[in-house]
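The block underneath contains the structure these notes are about, expressed in structure tokens.
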Amino acid sequence: TVGLRYARDVYDLQVDGRVGDDTFTIPDARGAPFAKHDVFPKLTYRAILDHKFTPDIMAYASYSRGFRSGGYQLAFPGTSVAPAAVAKPEVLDAFEVGLKTQFFNGALTLNGAAFYYDYKNMAISFVQPGGNLIENAAAARIKGLDIDFIANPVKGLRISGGIGILDGAYTDFPNGPILLPLTTPTPANCSAPPPQQVAGGNLVCSGNLSGKTTIRTPKFTLTLAPSYTFETGIGSFTIGANYYHNSGFFWEVSNRTSQAAYDVINGSLSWKSPSDSFEIRLWGKNLTDKYYAVYSSPTQLNDLLAPAAPRTYGVTATVRF
């Protein structure tokens with residue numbers, strides 16, 4: 001299987017004027033109207049070779065190039081970004097080999113894939129007062145392994161799950177953003193002075209982040225989801241659970257803030273009418289009430305963190321007609 005795609009993204013920006021903010025210690029941002037025009041053309045492609053050794057065992061190898069368009073980011077109070085700075089397009093070369101199999105007349109499905117992602121100008125987003133900024137890491141790579149399965153060992157019992165192994169690093173990131181608490185000594189590799197000082201906030205500078213781990217790249221993840229369905233004279237009942245383990249990861253490119261390893265367990269009990277027209281499901285999420293974050297980002301003012309929902313439970317009713 002082969003394919004080609006050509007994209008040509010045209011960006012036009014017209015700014016009628018900007019207003020500064022006197023609370024920030026930067027020059028007044030008021031300025032005359034200006035316009036910008038940029039074109040991001042890219043040819044992307046894909047090639048896949050697959051072979052069925054038997055009707056139930058198929059192997060494949062693939063190479064593809066992906067493209068994410070660039071764009072503009074406007075300066076806002078508290079930043080030193082030039083007006084309408086351009087975020088470069090991100091290019092990904094993806095290599096993958098894998099195996100898709102079924103055994104025991106379809107009772108067991110087992111799939112696996114190993115991959116290598118090579119990024120150029122990887123887009124990195126970080127929060128500053130007033131909005132998000134985008135910077136480009138010159139190069140990065142992520143390699144990993146995915147294995148997933150679905151098993152039906154006996155009637156009514158279904159077990160699914162998988163593991164993921166990742167290893168990611170910025171291979172070339174000479175001027176990456178570094179945000180440190182003001183009480184922290186400035187590292188020697190911080191090459192840019194902070195655009196502002198905020199009491200109790202973070203010092204912002206830039207430095208060489210080559211070799212740092214890519215954000216949100218856990219070394220190991222595991223999922224396991226067993227369920228059992230049994231029939232009765234009043235309908236079918238299903239008992240299910242879901243377990244997820246995450247080994248932890250870094251939230252930002254300088255690897256200062258991180259999410260520790262965590263485990264989440266969900267469960268449910270459902271009843272379905274014999275006609276399949278009515279269903280009631282009792283469910284609970286994060287049953288162990290684990291505290292972990294779904295989002296975190298250091299900013300010039302502070303370190304932001306949004307916690308995941310605590311233990312939650314409820315009832316869902318479904319009517320089909």
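Scheme for the structure tokens: letters A, B, ... for chains in order shown; per-chain residue numbers from 1; ligand numbers from 1 in order shown.
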
Assign secondary structure with DSSP using the backbone only, and return the residues of region 94-313 of chain A in strand (DSSP E or B) as a short mmCIF file (atom, residue, chain, number, x, y, z; two decimals) with N, CA and C atoms, in the first residue's frame.
```
data_model
loop_
_atom_site.label_atom_id
_atom_site.label_comp_id
_atom_site.auth_asym_id
_atom_site.auth_seq_id
_atom_site.Cartn_x
_atom_site.Cartn_y
_atom_site.Cartn_z
N ALA A 94 7.58 8.28 10.72
CA ALA A 94 7.17 7.18 11.60
C ALA A 94 7.50 5.85 10.95
N PHE A 95 8.23 5.01 11.69
CA PHE A 95 8.57 3.66 11.25
C PHE A 95 7.90 2.67 12.21
N GLU A 96 7.27 1.63 11.67
CA GLU A 96 6.55 0.69 12.53
C GLU A 96 6.57 -0.71 11.94
N VAL A 97 6.76 -1.69 12.79
CA VAL A 97 6.60 -3.09 12.42
C VAL A 97 5.65 -3.71 13.43
N GLY A 98 4.84 -4.65 12.97
CA GLY A 98 3.86 -5.21 13.88
C GLY A 98 3.35 -6.57 13.45
N LEU A 99 2.57 -7.16 14.34
CA LEU A 99 2.02 -8.49 14.15
C LEU A 99 0.58 -8.48 14.65
N LYS A 100 -0.34 -8.97 13.84
CA LYS A 100 -1.75 -9.11 14.23
C LYS A 100 -2.12 -10.58 14.12
N THR A 101 -2.63 -11.15 15.22
CA THR A 101 -2.88 -12.59 15.26
C THR A 101 -4.19 -12.92 15.95
N GLN A 102 -4.70 -14.10 15.62
CA GLN A 102 -5.83 -14.70 16.33
C GLN A 102 -5.54 -16.18 16.54
N PHE A 103 -5.95 -16.68 17.72
CA PHE A 103 -5.72 -18.08 18.05
C PHE A 103 -7.01 -18.70 18.62
N LEU A 108 -8.75 -15.81 21.18
CA LEU A 108 -7.67 -14.94 21.64
C LEU A 108 -7.17 -14.10 20.47
N THR A 109 -7.21 -12.80 20.65
CA THR A 109 -6.62 -11.85 19.70
C THR A 109 -5.41 -11.21 20.35
N LEU A 110 -4.28 -11.27 19.67
CA LEU A 110 -3.04 -10.74 20.22
C LEU A 110 -2.34 -9.91 19.14
N ASN A 111 -2.10 -8.64 19.44
CA ASN A 111 -1.46 -7.74 18.50
C ASN A 111 -0.26 -7.07 19.16
N GLY A 112 0.75 -6.80 18.38
CA GLY A 112 1.93 -6.11 18.89
C GLY A 112 2.54 -5.22 17.83
N ALA A 113 3.15 -4.13 18.26
CA ALA A 113 3.79 -3.21 17.32
C ALA A 113 4.98 -2.54 17.99
N ALA A 114 6.06 -2.40 17.25
CA ALA A 114 7.22 -1.62 17.69
C ALA A 114 7.36 -0.45 16.73
N PHE A 115 7.66 0.73 17.27
CA PHE A 115 7.68 1.91 16.43
C PHE A 115 8.82 2.84 16.81
N TYR A 116 9.17 3.70 15.86
CA TYR A 116 10.20 4.72 16.04
C TYR A 116 9.70 5.98 15.37
N TYR A 117 9.56 7.06 16.15
CA TYR A 117 9.08 8.34 15.63
C TYR A 117 10.24 9.34 15.64
N ASP A 118 10.48 9.94 14.50
CA ASP A 118 11.55 10.93 14.35
C ASP A 118 10.90 12.27 14.02
N TYR A 119 10.98 13.22 14.96
CA TYR A 119 10.34 14.52 14.81
C TYR A 119 11.34 15.58 14.38
N LYS A 120 10.89 16.48 13.52
CA LYS A 120 11.62 17.70 13.19
C LYS A 120 10.72 18.89 13.55
N ASN A 121 11.29 19.86 14.26
CA ASN A 121 10.53 21.04 14.69
C ASN A 121 9.29 20.65 15.49
N MET A 122 9.47 19.74 16.44
CA MET A 122 8.34 19.33 17.29
C MET A 122 7.77 20.55 18.01
N ALA A 123 6.46 20.74 17.90
CA ALA A 123 5.80 21.90 18.51
C ALA A 123 5.61 21.67 20.00
N ILE A 124 6.06 22.62 20.81
CA ILE A 124 5.95 22.55 22.27
C ILE A 124 5.12 23.74 22.73
N SER A 125 4.07 23.48 23.50
CA SER A 125 3.20 24.53 24.01
C SER A 125 3.46 24.74 25.49
N PHE A 126 3.57 26.00 25.90
CA PHE A 126 3.66 26.29 27.33
C PHE A 126 2.90 27.57 27.62
N VAL A 127 2.43 27.66 28.86
CA VAL A 127 1.51 28.72 29.25
C VAL A 127 2.28 29.92 29.78
N GLN A 128 1.87 31.10 29.34
CA GLN A 128 2.37 32.35 29.87
C GLN A 128 1.18 33.26 30.17
N GLY A 131 -2.02 33.67 27.67
CA GLY A 131 -2.26 32.63 26.67
C GLY A 131 -1.12 31.65 26.57
N ASN A 132 -1.13 30.86 25.48
CA ASN A 132 -0.11 29.85 25.23
C ASN A 132 0.93 30.35 24.24
N LEU A 133 2.16 29.89 24.43
CA LEU A 133 3.22 30.12 23.46
C LEU A 133 3.62 28.78 22.85
N ILE A 134 4.05 28.84 21.61
CA ILE A 134 4.52 27.64 20.91
C ILE A 134 5.99 27.84 20.57
N GLU A 135 6.81 26.87 20.95
CA GLU A 135 8.20 26.84 20.51
C GLU A 135 8.46 25.52 19.80
N ASN A 136 9.50 25.52 19.00
CA ASN A 136 9.84 24.31 18.25
C ASN A 136 11.12 23.70 18.79
N ALA A 137 11.02 22.45 19.24
CA ALA A 137 12.23 21.68 19.49
C ALA A 137 12.79 21.27 18.14
N ALA A 138 14.07 21.51 17.90
CA ALA A 138 14.62 21.25 16.57
C ALA A 138 14.45 19.80 16.16
N ALA A 139 14.58 18.87 17.12
CA ALA A 139 14.44 17.46 16.79
C ALA A 139 14.12 16.68 18.05
N ALA A 140 13.38 15.60 17.88
CA ALA A 140 13.05 14.70 18.99
C ALA A 140 12.77 13.33 18.42
N ARG A 141 12.85 12.33 19.30
CA ARG A 141 12.52 10.97 18.86
C ARG A 141 11.81 10.24 19.99
N ILE A 142 10.87 9.40 19.61
CA ILE A 142 10.15 8.55 20.56
C ILE A 142 10.11 7.15 19.98
N LYS A 143 10.53 6.18 20.77
CA LYS A 143 10.45 4.79 20.35
C LYS A 143 9.68 4.01 21.40
N GLY A 144 9.03 2.94 20.95
CA GLY A 144 8.22 2.23 21.91
C GLY A 144 7.69 0.91 21.40
N LEU A 145 6.91 0.27 22.27
CA LEU A 145 6.33 -1.04 22.00
C LEU A 145 4.92 -1.06 22.57
N ASP A 146 3.97 -1.51 21.77
CA ASP A 146 2.58 -1.68 22.20
C ASP A 146 2.18 -3.13 22.01
N ILE A 147 1.55 -3.70 23.03
CA ILE A 147 1.00 -5.06 22.95
C ILE A 147 -0.39 -5.03 23.55
N ASP A 148 -1.38 -5.55 22.84
CA ASP A 148 -2.74 -5.60 23.37
C ASP A 148 -3.37 -6.95 23.04
N PHE A 149 -4.35 -7.34 23.84
CA PHE A 149 -4.99 -8.63 23.65
C PHE A 149 -6.46 -8.56 24.04
N ILE A 150 -7.24 -9.49 23.48
CA ILE A 150 -8.63 -9.72 23.87
C ILE A 150 -8.80 -11.23 23.97
N ALA A 151 -9.24 -11.71 25.12
CA ALA A 151 -9.39 -13.14 25.35
C ALA A 151 -10.81 -13.44 25.79
N LEU A 157 -17.13 -14.67 29.66
CA LEU A 157 -15.97 -14.01 30.24
C LEU A 157 -15.12 -13.38 29.14
N ARG A 158 -14.83 -12.11 29.30
CA ARG A 158 -14.00 -11.38 28.34
C ARG A 158 -12.92 -10.64 29.12
N ILE A 159 -11.68 -10.79 28.70
CA ILE A 159 -10.55 -10.11 29.34
C ILE A 159 -9.76 -9.40 28.25
N SER A 160 -9.59 -8.11 28.40
CA SER A 160 -8.79 -7.34 27.45
C SER A 160 -7.73 -6.55 28.22
N GLY A 161 -6.71 -6.17 27.52
CA GLY A 161 -5.66 -5.40 28.18
C GLY A 161 -4.52 -5.11 27.25
N GLY A 162 -3.51 -4.48 27.80
CA GLY A 162 -2.34 -4.15 26.99
C GLY A 162 -1.27 -3.48 27.81
N ILE A 163 -0.10 -3.42 27.22
CA ILE A 163 1.03 -2.72 27.84
C ILE A 163 1.62 -1.77 26.81
N GLY A 164 2.19 -0.70 27.31
CA GLY A 164 2.89 0.24 26.46
C GLY A 164 4.24 0.60 27.07
N ILE A 165 5.26 0.60 26.25
CA ILE A 165 6.61 0.96 26.68
C ILE A 165 7.10 2.09 25.78
N LEU A 166 7.51 3.20 26.40
CA LEU A 166 7.93 4.37 25.64
C LEU A 166 9.28 4.88 26.11
N ASP A 167 10.03 5.43 25.19
CA ASP A 167 11.30 6.09 25.49
C ASP A 167 11.41 7.29 24.55
N GLY A 168 11.32 8.49 25.11
CA GLY A 168 11.35 9.68 24.27
C GLY A 168 12.37 10.69 24.76
N ALA A 169 12.97 11.43 23.84
CA ALA A 169 13.96 12.44 24.21
C ALA A 169 14.03 13.52 23.14
N TYR A 170 14.32 14.75 23.57
CA TYR A 170 14.62 15.83 22.63
C TYR A 170 16.08 15.69 22.22
N THR A 171 16.30 15.40 20.96
CA THR A 171 17.67 15.17 20.50
C THR A 171 18.38 16.47 20.11
N ASP A 172 17.60 17.54 19.86
CA ASP A 172 18.20 18.83 19.53
C ASP A 172 17.22 19.91 19.95
N GLY A 176 15.43 25.85 24.55
CA GLY A 176 14.16 25.47 25.15
C GLY A 176 13.80 26.34 26.34
N PRO A 177 12.50 26.48 26.64
CA PRO A 177 12.07 27.30 27.78
C PRO A 177 12.34 26.61 29.11
N ILE A 178 12.86 27.35 30.06
CA ILE A 178 13.12 26.85 31.41
C ILE A 178 12.45 27.79 32.40
N LEU A 179 11.57 27.25 33.24
CA LEU A 179 10.87 28.04 34.25
C LEU A 179 11.21 27.49 35.62
N LEU A 180 11.84 28.31 36.45
CA LEU A 180 12.31 27.88 37.76
C LEU A 180 11.76 28.81 38.84
N PRO A 181 11.43 28.28 40.01
CA PRO A 181 11.04 29.16 41.12
C PRO A 181 12.11 30.21 41.37
N ASN A 202 7.86 32.26 38.85
CA ASN A 202 8.97 31.53 38.26
C ASN A 202 9.83 32.45 37.39
N LEU A 203 11.10 32.22 37.41
CA LEU A 203 12.05 32.88 36.52
C LEU A 203 12.01 32.16 35.17
N VAL A 204 11.97 32.94 34.10
CA VAL A 204 11.88 32.36 32.76
C VAL A 204 13.19 32.63 32.02
N CYS A 205 13.79 31.59 31.52
CA CYS A 205 14.98 31.74 30.70
C CYS A 205 15.00 30.62 29.68
N SER A 206 16.03 30.54 28.91
CA SER A 206 16.13 29.49 27.91
C SER A 206 17.50 28.83 28.01
N GLY A 207 17.55 27.58 27.60
CA GLY A 207 18.80 26.84 27.67
C GLY A 207 18.74 25.60 26.81
N THR A 213 13.88 14.32 28.57
CA THR A 213 12.79 13.41 28.21
C THR A 213 11.61 14.20 27.66
N PHE A 220 6.15 3.22 31.15
CA PHE A 220 5.39 1.97 31.13
C PHE A 220 3.93 2.26 31.49
N THR A 221 3.01 1.70 30.72
CA THR A 221 1.59 1.74 31.05
C THR A 221 1.01 0.35 30.93
N LEU A 222 -0.02 0.09 31.72
CA LEU A 222 -0.67 -1.22 31.73
C LEU A 222 -2.16 -1.03 31.89
N THR A 223 -2.95 -1.74 31.10
CA THR A 223 -4.40 -1.76 31.24
C THR A 223 -4.87 -3.20 31.33
N LEU A 224 -5.89 -3.43 32.13
CA LEU A 224 -6.49 -4.75 32.27
C LEU A 224 -7.97 -4.56 32.54
N ALA A 225 -8.83 -5.17 31.71
CA ALA A 225 -10.27 -4.95 31.80
C ALA A 225 -11.02 -6.27 31.67
N PRO A 226 -11.29 -6.97 32.78
CA PRO A 226 -12.11 -8.17 32.74
C PRO A 226 -13.60 -7.84 32.87
N SER A 227 -14.44 -8.63 32.25
CA SER A 227 -15.88 -8.50 32.42
C SER A 227 -16.52 -9.88 32.27
N TYR A 228 -17.64 -10.05 32.97
CA TYR A 228 -18.35 -11.33 32.91
C TYR A 228 -19.83 -11.06 32.74
N THR A 229 -20.44 -11.68 31.73
CA THR A 229 -21.86 -11.52 31.43
C THR A 229 -22.56 -12.87 31.61
N PHE A 230 -23.68 -12.86 32.33
CA PHE A 230 -24.46 -14.10 32.50
C PHE A 230 -25.94 -13.79 32.30
N GLU A 231 -26.63 -14.77 31.74
CA GLU A 231 -28.03 -14.62 31.39
C GLU A 231 -28.92 -15.14 32.52
N THR A 232 -30.06 -14.46 32.72
CA THR A 232 -31.06 -14.90 33.68
C THR A 232 -32.43 -14.77 33.02
N GLY A 235 -33.20 -11.06 32.18
CA GLY A 235 -32.25 -10.32 31.37
C GLY A 235 -30.82 -10.72 31.66
N SER A 236 -29.88 -9.99 31.10
CA SER A 236 -28.46 -10.31 31.27
C SER A 236 -27.81 -9.32 32.22
N PHE A 237 -26.86 -9.80 33.01
CA PHE A 237 -26.09 -8.99 33.94
C PHE A 237 -24.62 -9.03 33.53
N THR A 238 -23.95 -7.89 33.65
CA THR A 238 -22.53 -7.81 33.34
C THR A 238 -21.80 -7.14 34.48
N ILE A 239 -20.77 -7.81 34.97
CA ILE A 239 -19.89 -7.26 35.99
C ILE A 239 -18.57 -6.94 35.31
N GLY A 240 -18.11 -5.71 35.46
CA GLY A 240 -16.88 -5.32 34.77
C GLY A 240 -15.98 -4.48 35.65
N ALA A 241 -14.70 -4.48 35.32
CA ALA A 241 -13.71 -3.67 36.03
C ALA A 241 -12.65 -3.22 35.04
N ASN A 242 -11.94 -2.18 35.41
CA ASN A 242 -10.87 -1.66 34.57
C ASN A 242 -9.75 -1.16 35.45
N TYR A 243 -8.55 -1.64 35.17
CA TYR A 243 -7.37 -1.23 35.94
C TYR A 243 -6.38 -0.56 34.99
N TYR A 244 -5.84 0.60 35.42
CA TYR A 244 -4.86 1.32 34.61
C TYR A 244 -3.69 1.73 35.49
N HIS A 245 -2.49 1.43 35.00
CA HIS A 245 -1.26 1.83 35.70
C HIS A 245 -0.43 2.71 34.79
N ASN A 246 0.08 3.80 35.36
CA ASN A 246 0.96 4.72 34.63
C ASN A 246 2.21 4.91 35.46
N PHE A 249 5.51 10.55 34.40
CA PHE A 249 6.09 11.26 33.26
C PHE A 249 6.38 12.70 33.67
N PHE A 250 7.02 13.43 32.77
CA PHE A 250 7.32 14.84 32.98
C PHE A 250 6.25 15.70 32.31
N SER A 258 6.78 16.89 37.41
CA SER A 258 6.46 15.55 36.93
C SER A 258 5.22 15.01 37.62
N GLN A 259 4.64 13.99 37.02
CA GLN A 259 3.55 13.23 37.60
C GLN A 259 4.12 11.91 38.08
N TYR A 262 0.93 6.26 39.18
CA TYR A 262 -0.39 6.15 39.79
C TYR A 262 -1.16 4.98 39.17
N ASP A 263 -2.19 4.54 39.92
CA ASP A 263 -3.05 3.45 39.49
C ASP A 263 -4.50 3.89 39.65
N VAL A 264 -5.34 3.53 38.69
CA VAL A 264 -6.76 3.87 38.73
C VAL A 264 -7.57 2.60 38.49
N ILE A 265 -8.61 2.42 39.32
CA ILE A 265 -9.49 1.27 39.20
C ILE A 265 -10.93 1.77 39.03
N ASN A 266 -11.60 1.29 38.01
CA ASN A 266 -13.01 1.58 37.77
C ASN A 266 -13.81 0.27 37.80
N GLY A 267 -15.10 0.36 38.09
CA GLY A 267 -15.93 -0.84 38.12
C GLY A 267 -17.36 -0.51 37.73
N SER A 268 -18.10 -1.55 37.32
CA SER A 268 -19.49 -1.33 36.92
C SER A 268 -20.29 -2.62 37.04
N LEU A 269 -21.60 -2.46 37.19
CA LEU A 269 -22.56 -3.57 37.19
C LEU A 269 -23.75 -3.11 36.36
N SER A 270 -24.09 -3.87 35.35
CA SER A 270 -25.18 -3.46 34.46
C SER A 270 -26.18 -4.59 34.27
N TRP A 271 -27.42 -4.17 34.02
CA TRP A 271 -28.50 -5.11 33.69
C TRP A 271 -29.13 -4.68 32.38
N LYS A 272 -29.37 -5.65 31.48
CA LYS A 272 -29.98 -5.38 30.19
C LYS A 272 -31.22 -6.24 30.05
N PHE A 278 -33.77 -1.86 27.10
CA PHE A 278 -33.58 -1.08 28.31
C PHE A 278 -32.36 -1.59 29.06
N GLU A 279 -31.56 -0.65 29.58
CA GLU A 279 -30.34 -1.02 30.30
C GLU A 279 -30.11 -0.05 31.46
N ILE A 280 -29.72 -0.59 32.59
CA ILE A 280 -29.34 0.21 33.75
C ILE A 280 -27.91 -0.18 34.15
N ARG A 281 -27.07 0.82 34.37
CA ARG A 281 -25.67 0.57 34.68
C ARG A 281 -25.26 1.36 35.91
N LEU A 282 -24.79 0.63 36.92
CA LEU A 282 -24.21 1.26 38.10
C LEU A 282 -22.70 1.29 37.90
N TRP A 283 -22.07 2.44 38.13
CA TRP A 283 -20.65 2.55 37.85
C TRP A 283 -19.94 3.38 38.91
N GLY A 284 -18.67 3.09 39.06
CA GLY A 284 -17.81 3.86 39.93
C GLY A 284 -16.46 4.05 39.27
N LYS A 285 -15.91 5.25 39.37
CA LYS A 285 -14.62 5.58 38.78
C LYS A 285 -13.64 6.01 39.87
N ALA A 293 -2.85 14.20 38.68
CA ALA A 293 -3.19 15.36 37.85
C ALA A 293 -3.53 14.92 36.43
N VAL A 294 -4.45 15.64 35.83
CA VAL A 294 -4.74 15.45 34.40
C VAL A 294 -4.09 16.55 33.57
N TYR A 295 -3.62 17.61 34.24
CA TYR A 295 -2.95 18.69 33.52
C TYR A 295 -2.07 19.45 34.50
N SER A 296 -0.89 19.83 34.03
CA SER A 296 -0.01 20.66 34.84
C SER A 296 0.92 21.42 33.91
N SER A 297 1.23 22.65 34.29
CA SER A 297 2.14 23.45 33.48
C SER A 297 2.72 24.57 34.32
N PRO A 298 4.04 24.74 34.31
CA PRO A 298 4.61 25.90 34.99
C PRO A 298 4.39 27.15 34.15
N ASP A 303 3.04 27.47 39.30
CA ASP A 303 2.93 26.15 38.68
C ASP A 303 1.46 25.73 38.73
N LEU A 304 0.84 25.58 37.55
CA LEU A 304 -0.56 25.20 37.48
C LEU A 304 -0.71 23.69 37.58
N LEU A 305 -1.81 23.25 38.20
CA LEU A 305 -2.10 21.83 38.29
C LEU A 305 -3.60 21.65 38.37
N ALA A 306 -4.13 20.75 37.54
CA ALA A 306 -5.55 20.41 37.56
C ALA A 306 -5.68 18.95 37.99
N PRO A 307 -6.23 18.69 39.18
CA PRO A 307 -6.34 17.31 39.64
C PRO A 307 -7.43 16.55 38.89
N THR A 312 -15.81 8.88 41.98
CA THR A 312 -17.14 9.28 41.53
C THR A 312 -17.95 8.02 41.23
N TYR A 313 -19.25 8.14 41.36
CA TYR A 313 -20.12 7.00 41.10
C TYR A 313 -21.47 7.52 40.61
#
```

What is the distance, in Å and to one decimal place, between CA of Val2 (chain A) and CA of Ala61 (chain A)?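 We find that CA of Val2 (chain A) and CA of Ala61 (chain A) lie 12.1 Å from each other.
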
Tyr60 (chain A) proximity check over A:His37, A:Leu43, A:Thr1, A:Phe104, using only C-alpha atoms: winner is A:Thr1

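Here CA of Tyr291 (chain A) and CA of Pro310 (chain A) stand 6.9 Å from one another.
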
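The closest residue to Arg68 (chain A), picked from A:Val154, A:Val86, A:Val91, A:Ala47 and counting only C-alpha atoms, is A:Val91.
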
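Closest approach to Phe34 (chain A) among A:Tyr6, A:Ala260, A:Ser64, A:Asp12 is made by A:Asp12 (distances from only C-alpha atoms).
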